[in-house]
>>> print(open('final.txt').read())   # compact mmCIF, N, CA and C atoms
# COMPACT_ATOMS: atom_id res chain seq x y z
N MET A 4 163.64 150.76 158.14
CA MET A 4 162.74 149.68 157.78
C MET A 4 161.38 150.27 157.43
N THR A 5 160.78 149.80 156.36
CA THR A 5 159.48 150.29 155.91
C THR A 5 158.37 149.51 156.61
N ASP A 6 157.36 150.23 157.09
CA ASP A 6 156.22 149.59 157.72
C ASP A 6 155.25 149.16 156.63
N LEU A 7 155.20 147.86 156.35
CA LEU A 7 154.32 147.35 155.31
C LEU A 7 152.95 147.06 155.89
N THR A 8 151.92 147.50 155.19
CA THR A 8 150.55 147.18 155.60
C THR A 8 149.74 146.82 154.36
N ILE A 9 148.68 146.07 154.62
CA ILE A 9 147.68 145.74 153.62
C ILE A 9 146.42 146.44 154.07
N THR A 10 145.69 147.04 153.14
CA THR A 10 144.43 147.69 153.52
C THR A 10 143.29 147.08 152.71
N LEU A 11 142.15 146.96 153.38
CA LEU A 11 140.91 146.54 152.76
C LEU A 11 139.92 147.67 153.01
N THR A 12 139.48 148.33 151.92
CA THR A 12 138.66 149.52 152.03
C THR A 12 137.27 149.25 151.48
N SER A 13 136.26 149.59 152.31
CA SER A 13 134.87 149.50 151.90
C SER A 13 134.20 150.80 152.30
N GLY A 14 133.98 151.67 151.31
CA GLY A 14 133.43 152.99 151.60
C GLY A 14 134.37 153.76 152.51
N ALA A 15 133.84 154.22 153.65
CA ALA A 15 134.66 154.97 154.61
C ALA A 15 135.41 154.06 155.57
N THR A 16 135.15 152.76 155.53
CA THR A 16 135.79 151.81 156.44
C THR A 16 137.09 151.31 155.84
N VAL A 17 138.18 151.46 156.58
CA VAL A 17 139.48 150.95 156.16
C VAL A 17 139.98 149.99 157.23
N VAL A 18 140.19 148.74 156.85
CA VAL A 18 140.74 147.74 157.76
C VAL A 18 142.22 147.60 157.40
N THR A 19 143.08 147.82 158.40
CA THR A 19 144.52 147.72 158.20
C THR A 19 145.00 146.37 158.69
N LEU A 20 145.68 145.66 157.80
CA LEU A 20 146.19 144.32 158.09
C LEU A 20 147.71 144.34 158.01
N PRO A 21 148.37 143.39 158.66
CA PRO A 21 149.83 143.36 158.57
C PRO A 21 150.29 143.03 157.15
N GLY A 22 151.34 143.69 156.71
CA GLY A 22 151.84 143.51 155.35
C GLY A 22 152.51 142.18 155.11
N ASP A 23 152.75 141.41 156.17
CA ASP A 23 153.41 140.12 155.97
C ASP A 23 152.44 138.94 155.90
N LEU A 24 151.13 139.23 155.77
CA LEU A 24 150.21 138.13 155.49
C LEU A 24 150.62 137.49 154.17
N GLN A 25 150.55 136.18 154.10
CA GLN A 25 150.98 135.46 152.89
C GLN A 25 149.79 135.25 151.95
N TRP A 26 149.96 135.61 150.68
CA TRP A 26 148.95 135.34 149.65
C TRP A 26 149.24 133.93 149.16
N VAL A 27 148.56 132.95 149.74
CA VAL A 27 148.93 131.55 149.54
C VAL A 27 148.54 130.99 148.18
N ASP A 28 147.57 131.59 147.49
CA ASP A 28 147.15 131.07 146.19
C ASP A 28 147.45 132.06 145.05
N GLU A 29 148.45 132.90 145.26
CA GLU A 29 148.78 133.92 144.26
C GLU A 29 149.19 133.29 142.92
N MET A 30 149.88 132.19 142.94
CA MET A 30 150.37 131.56 141.72
C MET A 30 149.49 130.41 141.23
N THR A 31 148.32 130.24 141.83
CA THR A 31 147.40 129.19 141.40
C THR A 31 146.71 129.62 140.10
N PRO A 32 146.80 128.79 139.05
CA PRO A 32 146.11 129.15 137.80
C PRO A 32 144.61 129.28 138.03
N TRP A 33 144.00 130.30 137.43
CA TRP A 33 142.57 130.54 137.62
C TRP A 33 141.88 131.08 136.37
N LYS A 34 142.64 131.45 135.35
CA LYS A 34 142.08 132.16 134.20
C LYS A 34 141.26 131.30 133.26
N VAL A 35 141.32 129.97 133.38
CA VAL A 35 140.54 129.09 132.52
C VAL A 35 139.58 128.27 133.39
N ALA A 36 138.30 128.41 133.12
CA ALA A 36 137.28 127.63 133.82
C ALA A 36 137.05 126.34 133.03
N GLN A 37 136.80 125.27 133.77
CA GLN A 37 136.57 123.98 133.11
C GLN A 37 135.38 123.28 133.74
N VAL A 38 134.49 122.79 132.88
CA VAL A 38 133.34 122.01 133.32
C VAL A 38 133.39 120.71 132.54
N TYR A 39 133.21 119.60 133.23
CA TYR A 39 133.19 118.33 132.51
C TYR A 39 132.02 117.50 133.00
N GLU A 40 131.54 116.68 132.09
CA GLU A 40 130.43 115.79 132.41
C GLU A 40 130.57 114.52 131.57
N THR A 41 129.98 113.47 132.07
CA THR A 41 129.98 112.20 131.35
C THR A 41 128.61 112.02 130.71
N THR A 42 128.62 111.68 129.42
CA THR A 42 127.36 111.50 128.69
C THR A 42 126.77 110.12 129.03
N LEU A 43 125.57 109.87 128.57
CA LEU A 43 124.92 108.58 128.79
C LEU A 43 125.69 107.43 128.15
N THR A 44 126.45 107.75 127.10
CA THR A 44 127.24 106.71 126.43
C THR A 44 128.58 106.47 127.10
N GLY A 45 128.91 107.29 128.11
CA GLY A 45 130.18 107.14 128.82
C GLY A 45 131.27 108.06 128.31
N ALA A 46 130.98 108.83 127.26
CA ALA A 46 131.97 109.77 126.73
C ALA A 46 132.15 110.94 127.70
N LEU A 47 133.33 111.51 127.69
CA LEU A 47 133.64 112.66 128.55
C LEU A 47 133.56 113.93 127.72
N LEU A 48 132.72 114.88 128.15
CA LEU A 48 132.63 116.18 127.50
C LEU A 48 133.30 117.22 128.38
N ILE A 49 134.22 117.96 127.79
CA ILE A 49 134.95 118.99 128.53
C ILE A 49 134.71 120.32 127.85
N THR A 50 134.28 121.31 128.63
CA THR A 50 134.07 122.66 128.12
C THR A 50 134.98 123.60 128.91
N GLU A 51 135.73 124.42 128.19
CA GLU A 51 136.61 125.39 128.84
C GLU A 51 136.31 126.79 128.31
N SER A 52 136.49 127.78 129.18
CA SER A 52 136.31 129.17 128.77
C SER A 52 137.20 130.06 129.62
N ALA A 53 137.50 131.23 129.09
CA ALA A 53 138.33 132.20 129.81
C ALA A 53 137.51 132.83 130.94
N ARG A 54 138.13 132.98 132.09
CA ARG A 54 137.50 133.69 133.21
C ARG A 54 137.94 135.15 133.16
N LEU A 55 136.99 136.03 133.37
CA LEU A 55 137.29 137.45 133.41
C LEU A 55 137.46 137.95 134.84
N ALA A 56 136.95 137.19 135.81
CA ALA A 56 137.05 137.57 137.22
C ALA A 56 136.96 136.29 138.05
N GLY A 57 137.15 136.44 139.34
CA GLY A 57 137.04 135.29 140.24
C GLY A 57 138.37 134.78 140.76
N ARG A 58 139.45 135.52 140.52
CA ARG A 58 140.76 135.09 141.01
C ARG A 58 140.72 134.99 142.53
N PRO A 59 141.12 133.84 143.09
CA PRO A 59 141.14 133.73 144.55
C PRO A 59 142.29 134.53 145.15
N ILE A 60 142.01 135.19 146.24
CA ILE A 60 143.04 135.90 147.01
C ILE A 60 142.85 135.45 148.46
N THR A 61 143.70 134.53 148.89
CA THR A 61 143.64 134.03 150.26
C THR A 61 144.85 134.55 151.01
N LEU A 62 144.60 135.38 152.01
CA LEU A 62 145.67 135.96 152.83
C LEU A 62 145.70 135.21 154.15
N GLN A 63 146.90 134.77 154.55
CA GLN A 63 146.99 133.88 155.69
C GLN A 63 148.19 134.23 156.57
N SER A 64 147.98 134.18 157.87
CA SER A 64 149.08 134.35 158.80
C SER A 64 149.75 133.00 159.01
N GLY A 65 150.92 133.02 159.62
CA GLY A 65 151.66 131.79 159.89
C GLY A 65 151.96 131.64 161.37
N ALA A 66 152.80 130.70 161.68
CA ALA A 66 153.13 130.41 163.08
C ALA A 66 153.80 131.60 163.77
N ASP A 67 154.52 132.40 163.01
CA ASP A 67 155.24 133.52 163.63
C ASP A 67 155.15 134.82 162.83
N PHE A 68 154.09 134.96 162.04
CA PHE A 68 153.92 136.20 161.27
C PHE A 68 152.45 136.42 160.95
N GLY A 69 152.12 137.68 160.65
CA GLY A 69 150.81 138.03 160.15
C GLY A 69 149.68 137.99 161.17
N TRP A 70 150.00 138.07 162.44
CA TRP A 70 148.96 138.04 163.47
C TRP A 70 148.20 139.37 163.50
N VAL A 71 146.94 139.30 163.86
CA VAL A 71 146.11 140.50 163.96
C VAL A 71 145.43 140.54 165.32
N GLN A 72 145.10 141.74 165.75
CA GLN A 72 144.41 141.89 167.02
C GLN A 72 142.93 141.56 166.85
N ARG A 73 142.30 141.19 167.94
CA ARG A 73 140.88 140.84 167.93
C ARG A 73 140.03 141.97 167.33
N SER A 74 140.41 143.20 167.59
CA SER A 74 139.65 144.34 167.06
C SER A 74 139.62 144.33 165.53
N VAL A 75 140.69 143.85 164.90
CA VAL A 75 140.72 143.75 163.44
C VAL A 75 139.78 142.65 162.96
N ILE A 76 139.77 141.52 163.67
CA ILE A 76 138.85 140.42 163.34
C ILE A 76 137.41 140.93 163.44
N GLU A 77 137.11 141.71 164.46
CA GLU A 77 135.76 142.26 164.62
C GLU A 77 135.40 143.21 163.48
N GLN A 78 136.37 144.02 163.00
CA GLN A 78 136.12 144.89 161.85
C GLN A 78 135.79 144.07 160.61
N LEU A 79 136.57 143.01 160.38
CA LEU A 79 136.33 142.15 159.22
C LEU A 79 134.97 141.47 159.31
N GLN A 80 134.62 140.97 160.50
CA GLN A 80 133.34 140.30 160.67
C GLN A 80 132.18 141.26 160.41
N ALA A 81 132.33 142.51 160.80
CA ALA A 81 131.27 143.50 160.53
C ALA A 81 131.07 143.68 159.03
N LEU A 82 132.15 143.66 158.25
CA LEU A 82 132.03 143.77 156.79
C LEU A 82 131.43 142.50 156.20
N ILE A 83 131.83 141.36 156.71
CA ILE A 83 131.34 140.07 156.20
C ILE A 83 129.85 139.92 156.46
N ASP A 84 129.36 140.47 157.56
CA ASP A 84 127.96 140.32 157.94
C ASP A 84 127.00 141.16 157.11
N VAL A 85 127.49 141.93 156.15
CA VAL A 85 126.63 142.76 155.30
C VAL A 85 126.29 141.96 154.04
N PRO A 86 125.02 141.53 153.89
CA PRO A 86 124.65 140.80 152.67
C PRO A 86 124.76 141.70 151.45
N ASN A 87 125.23 141.15 150.36
CA ASN A 87 125.41 141.92 149.13
C ASN A 87 126.22 143.19 149.37
N GLY A 88 127.24 143.05 150.21
CA GLY A 88 128.08 144.20 150.53
C GLY A 88 128.77 144.76 149.29
N PRO A 89 129.28 145.97 149.39
CA PRO A 89 129.89 146.61 148.23
C PRO A 89 131.21 145.95 147.84
N VAL A 90 131.63 146.20 146.63
CA VAL A 90 132.96 145.78 146.19
C VAL A 90 133.97 146.60 146.98
N MET A 91 135.01 145.93 147.46
CA MET A 91 136.03 146.58 148.29
C MET A 91 137.33 146.70 147.50
N THR A 92 138.22 147.54 147.99
CA THR A 92 139.55 147.68 147.39
C THR A 92 140.58 147.08 148.33
N LEU A 93 141.34 146.13 147.81
CA LEU A 93 142.44 145.51 148.55
C LEU A 93 143.73 146.09 148.01
N ALA A 94 144.54 146.66 148.88
CA ALA A 94 145.83 147.24 148.49
C ALA A 94 146.94 146.43 149.14
N LEU A 95 147.72 145.75 148.30
CA LEU A 95 148.85 144.93 148.77
C LEU A 95 150.15 145.65 148.46
N PRO A 96 151.15 145.56 149.34
CA PRO A 96 152.45 146.18 149.04
C PRO A 96 153.04 145.58 147.77
N ASP A 97 153.67 146.41 146.96
CA ASP A 97 154.29 145.95 145.72
C ASP A 97 155.79 145.79 145.91
N TYR A 98 156.40 145.08 145.00
CA TYR A 98 157.84 144.88 145.02
C TYR A 98 158.46 145.77 143.96
N PRO A 99 159.57 146.42 144.17
CA PRO A 99 160.34 146.44 145.41
C PRO A 99 159.64 147.23 146.51
N VAL A 100 160.01 146.94 147.73
CA VAL A 100 159.40 147.57 148.90
C VAL A 100 159.45 149.08 148.75
N GLY A 101 158.31 149.72 149.01
CA GLY A 101 158.23 151.17 148.93
C GLY A 101 157.85 151.70 147.56
N SER A 102 157.61 150.79 146.60
CA SER A 102 157.31 151.26 145.24
C SER A 102 155.81 151.46 145.00
N GLY A 103 154.98 151.24 146.01
CA GLY A 103 153.56 151.45 145.84
C GLY A 103 152.75 150.22 146.23
N THR A 104 151.54 150.14 145.67
CA THR A 104 150.67 149.02 146.00
C THR A 104 150.10 148.39 144.73
N ARG A 105 149.67 147.15 144.88
CA ARG A 105 148.88 146.47 143.86
C ARG A 105 147.46 146.49 144.37
N ASP A 106 146.56 147.10 143.62
CA ASP A 106 145.18 147.26 144.06
C ASP A 106 144.25 146.30 143.31
N PHE A 107 143.33 145.70 144.05
CA PHE A 107 142.38 144.74 143.50
C PHE A 107 140.98 145.09 143.98
N SER A 108 139.99 144.97 143.09
CA SER A 108 138.58 145.07 143.47
C SER A 108 138.16 143.67 143.91
N VAL A 109 137.67 143.55 145.15
CA VAL A 109 137.42 142.23 145.72
C VAL A 109 136.07 142.16 146.43
N ARG A 110 135.64 140.93 146.64
CA ARG A 110 134.50 140.59 147.51
C ARG A 110 134.92 139.40 148.34
N PHE A 111 134.16 139.13 149.39
CA PHE A 111 134.44 137.96 150.23
C PHE A 111 134.04 136.69 149.50
N ARG A 112 134.81 135.62 149.70
CA ARG A 112 134.46 134.29 149.20
C ARG A 112 133.69 133.58 150.31
N ARG A 113 132.41 133.71 150.27
CA ARG A 113 131.57 133.17 151.34
C ARG A 113 131.38 131.66 151.23
N ASP A 114 131.50 131.11 150.02
CA ASP A 114 131.26 129.68 149.84
C ASP A 114 132.27 128.81 150.59
N THR A 115 133.45 129.31 150.83
CA THR A 115 134.48 128.55 151.53
C THR A 115 134.74 129.09 152.94
N GLY A 116 133.91 130.01 153.39
CA GLY A 116 134.13 130.65 154.69
C GLY A 116 135.07 131.82 154.51
N ALA A 117 134.55 133.01 154.58
CA ALA A 117 135.32 134.21 154.27
C ALA A 117 136.47 134.45 155.24
N ILE A 118 136.34 133.94 156.46
CA ILE A 118 137.37 134.20 157.47
C ILE A 118 137.48 133.02 158.42
N GLU A 119 138.72 132.78 158.83
CA GLU A 119 139.00 131.85 159.93
C GLU A 119 139.97 132.57 160.85
N SER A 120 139.76 132.43 162.13
CA SER A 120 140.69 133.04 163.08
C SER A 120 140.72 132.22 164.35
N ALA A 121 141.83 132.30 165.06
CA ALA A 121 141.97 131.59 166.32
C ALA A 121 142.85 132.41 167.25
N GLN A 122 142.44 132.49 168.48
CA GLN A 122 143.20 133.22 169.49
C GLN A 122 144.54 132.50 169.68
N LEU A 123 145.64 133.25 169.70
CA LEU A 123 146.96 132.64 169.85
C LEU A 123 147.22 132.14 171.25
N LYS A 124 146.78 132.89 172.23
CA LYS A 124 146.94 132.50 173.64
C LYS A 124 145.58 132.67 174.29
N HIS A 125 145.00 131.58 174.70
CA HIS A 125 143.64 131.62 175.23
C HIS A 125 143.55 132.49 176.49
N LYS A 126 142.59 133.40 176.47
CA LYS A 126 142.28 134.25 177.62
C LYS A 126 140.77 134.38 177.68
N THR A 127 140.24 134.39 178.89
CA THR A 127 138.81 134.60 179.07
C THR A 127 138.63 135.73 180.07
N PRO A 128 137.90 136.75 179.71
CA PRO A 128 137.37 137.06 178.38
C PRO A 128 138.48 137.61 177.49
N PRO A 129 138.35 137.44 176.17
CA PRO A 129 139.37 137.99 175.27
C PRO A 129 139.29 139.52 175.23
N ALA A 130 140.45 140.13 175.10
CA ALA A 130 140.53 141.60 175.00
C ALA A 130 140.67 142.01 173.53
N PRO A 131 140.27 143.23 173.19
CA PRO A 131 140.41 143.70 171.81
C PRO A 131 141.85 143.69 171.30
N THR A 132 142.82 143.70 172.23
CA THR A 132 144.23 143.72 171.83
C THR A 132 144.87 142.34 171.79
N ASP A 133 144.12 141.28 172.10
CA ASP A 133 144.66 139.91 172.01
C ASP A 133 144.93 139.58 170.54
N TYR A 134 145.97 138.77 170.31
CA TYR A 134 146.36 138.43 168.94
C TYR A 134 145.72 137.12 168.48
N TYR A 135 145.39 137.11 167.17
CA TYR A 135 144.74 135.98 166.52
C TYR A 135 145.47 135.64 165.23
N SER A 136 145.42 134.37 164.85
CA SER A 136 145.83 133.99 163.50
C SER A 136 144.67 134.32 162.57
N LEU A 137 144.96 134.41 161.28
CA LEU A 137 143.93 134.85 160.33
C LEU A 137 144.08 134.12 159.00
N VAL A 138 142.95 133.70 158.46
CA VAL A 138 142.85 133.28 157.05
C VAL A 138 141.69 134.09 156.49
N LEU A 139 141.98 134.92 155.49
CA LEU A 139 140.97 135.79 154.88
C LEU A 139 140.83 135.39 153.42
N ARG A 140 139.60 135.01 153.03
CA ARG A 140 139.35 134.53 151.67
C ARG A 140 138.55 135.57 150.88
N LEU A 141 139.19 136.06 149.83
CA LEU A 141 138.59 137.07 148.95
C LEU A 141 138.64 136.55 147.51
N MET A 142 137.94 137.26 146.61
CA MET A 142 138.06 136.99 145.18
C MET A 142 138.06 138.31 144.43
N GLN A 143 138.87 138.36 143.38
CA GLN A 143 138.93 139.54 142.55
C GLN A 143 137.70 139.56 141.65
N VAL A 144 137.01 140.69 141.59
CA VAL A 144 135.78 140.77 140.83
C VAL A 144 135.87 141.59 139.55
N SER A 145 136.95 142.29 139.35
CA SER A 145 137.12 143.00 138.07
C SER A 145 138.58 143.28 137.84
>>> encode(input="final.txt", output="structure tokens")
Amino acid sequence: MTDLTITLTSGATVVTLPGDLQWVDEMTPWKVAQVYETTLTGALLITESARLAGRPITLQSGADFGWVQRSVIEQLQALIDVPNGPVMTLALPDYPVGSGTRDFSVRFRRDTGAIESAQLKHKTPPAPTDYYSLVLRLMQVS
């Protein structure tokens, strides 16, 4: 069995995530931007243009997969807390398994909350090895 992992790299920092996180918006159309407005006469004006970047990449754990340890959440939060942080490289496993990775230049999507996490089994105080669910929101920038 191949050990699948996802990596998020920012400079010398590499955050390793489980390879079974689900990319929930992978098939969501994003390449055409649309803006619409209503004129004073009531007419609808629609403007569309091609998007060159901004593809959403939302990685999410489920009820029984994709859990991460608290230490990983802390690594991600440290990256998120850097204003105007650098562009990062996201490496996702490619199909067929073992054939390499799909690499994306990404940044955090801060407008929707870059991260959500919840402890799976409540413990006080939480330990770095406790498991959490994860929703990680990124966008492709080039």
>>> select_by_dssp(input="final.txt", residues="chain A", states="alpha helix (DSSP H)", output="PyMOL selection string")
chain A and resi 73-83
>>> residues_around(input="final.txt", residues="Ser108 (chain A)", least_positions_apart="5", cutoff="7 Å", atoms="only C-alpha atoms", output="number ranges by chain")
A: 90-93, 143-145
>>> residues_around(input="final.txt", residues="Ala121 (chain A)", least_positions_apart="3", cutoff="6 Å", atoms="only N, CA and C atoms", output="ChimeraX atom specification")
/A:134-137
>>> write_last_selection(input="final.txt", atoms="N, CA and C atoms", output="PDB file, in the coordinates of the input")
ATOM      1  N   TYR A 134     145.970 138.770 170.310  1.00  0.00           N
ATOM      2  CA  TYR A 134     146.360 138.430 168.940  1.00  0.00           C
ATOM      3  C   TYR A 134     145.720 137.120 168.480  1.00  0.00           C
ATOM      4  N   TYR A 135     145.390 137.110 167.170  1.00  0.00           N
ATOM      5  CA  TYR A 135     144.740 135.980 166.520  1.00  0.00           C
ATOM      6  C   TYR A 135     145.470 135.640 165.230  1.00  0.00           C
ATOM      7  N   SER A 136     145.420 134.370 164.850  1.00  0.00           N
ATOM      8  CA  SER A 136     145.830 133.990 163.500  1.00  0.00           C
ATOM      9  C   SER A 136     144.670 134.320 162.570  1.00  0.00           C
ATOM     10  N   LEU A 137     144.960 134.410 161.280  1.00  0.00           N
ATOM     11  CA  LEU A 137     143.930 134.850 160.330  1.00  0.00           C
ATOM     12  C   LEU A 137     144.080 134.120 159.000  1.00  0.00           C
TER      13      LEU A 137
END
>>> atom_distance(input="final.txt", atom1="CA of Ile76 (chain A)", atom2="CA of Asp114 (chain A)")
18.8 Å
>>> select_by_dssp(input="final.txt", residues="region 54-103 of chain A", states="strand (DSSP E or B)", output="mmCIF file with N, CA and C atoms, in the frame of the given file")
data_model
loop_
_atom_site.group_PDB
_atom_site.id
_atom_site.type_symbol
_atom_site.label_atom_id
_atom_site.label_comp_id
_atom_site.auth_asym_id
_atom_site.auth_seq_id
_atom_site.Cartn_x
_atom_site.Cartn_y
_atom_site.Cartn_z
ATOM 1 N N PRO A 59 141.120 133.840 143.090
ATOM 2 C CA PRO A 59 141.140 133.730 144.550
ATOM 3 C C PRO A 59 142.290 134.530 145.150
ATOM 4 N N ILE A 60 142.010 135.190 146.240
ATOM 5 C CA ILE A 60 143.040 135.900 147.010
ATOM 6 C C ILE A 60 142.850 135.450 148.460
ATOM 7 N N THR A 61 143.700 134.530 148.890
ATOM 8 C CA THR A 61 143.640 134.030 150.260
ATOM 9 C C THR A 61 144.850 134.550 151.010
ATOM 10 N N LEU A 62 144.600 135.380 152.010
ATOM 11 C CA LEU A 62 145.670 135.960 152.830
ATOM 12 C C LEU A 62 145.700 135.210 154.150
ATOM 13 N N GLN A 63 146.900 134.770 154.550
ATOM 14 C CA GLN A 63 146.990 133.880 155.690
ATOM 15 C C GLN A 63 148.190 134.230 156.570
ATOM 16 N N GLY A 65 150.920 133.020 159.620
ATOM 17 C CA GLY A 65 151.660 131.790 159.890
ATOM 18 C C GLY A 65 151.960 131.640 161.370
ATOM 19 N N PHE A 68 154.090 134.960 162.040
ATOM 20 C CA PHE A 68 153.920 136.200 161.270
ATOM 21 C C PHE A 68 152.450 136.420 160.950
ATOM 22 N N VAL A 71 146.940 139.300 163.860
ATOM 23 C CA VAL A 71 146.110 140.500 163.960
ATOM 24 C C VAL A 71 145.430 140.540 165.320
ATOM 25 N N GLN A 72 145.100 141.740 165.750
ATOM 26 C CA GLN A 72 144.410 141.890 167.020
ATOM 27 C C GLN A 72 142.930 141.560 166.850
ATOM 28 N N MET A 91 135.010 145.930 147.460
ATOM 29 C CA MET A 91 136.030 146.580 148.290
ATOM 30 C C MET A 91 137.330 146.700 147.500
ATOM 31 N N THR A 92 138.220 147.540 147.990
ATOM 32 C CA THR A 92 139.550 147.680 147.390
ATOM 33 C C THR A 92 140.580 147.080 148.330
ATOM 34 N N LEU A 93 141.340 146.130 147.810
ATOM 35 C CA LEU A 93 142.440 145.510 148.550
ATOM 36 C C LEU A 93 143.730 146.090 148.010
ATOM 37 N N ALA A 94 144.540 146.660 148.880
ATOM 38 C CA ALA A 94 145.830 147.240 148.490
ATOM 39 C C ALA A 94 146.940 146.430 149.140
ATOM 40 N N LEU A 95 147.720 145.750 148.300
ATOM 41 C CA LEU A 95 148.850 144.930 148.770
ATOM 42 C C LEU A 95 150.150 145.650 148.460
ATOM 43 N N PRO A 96 151.150 145.560 149.340
ATOM 44 C CA PRO A 96 152.450 146.180 149.040
ATOM 45 C C PRO A 96 153.040 145.580 147.770
#
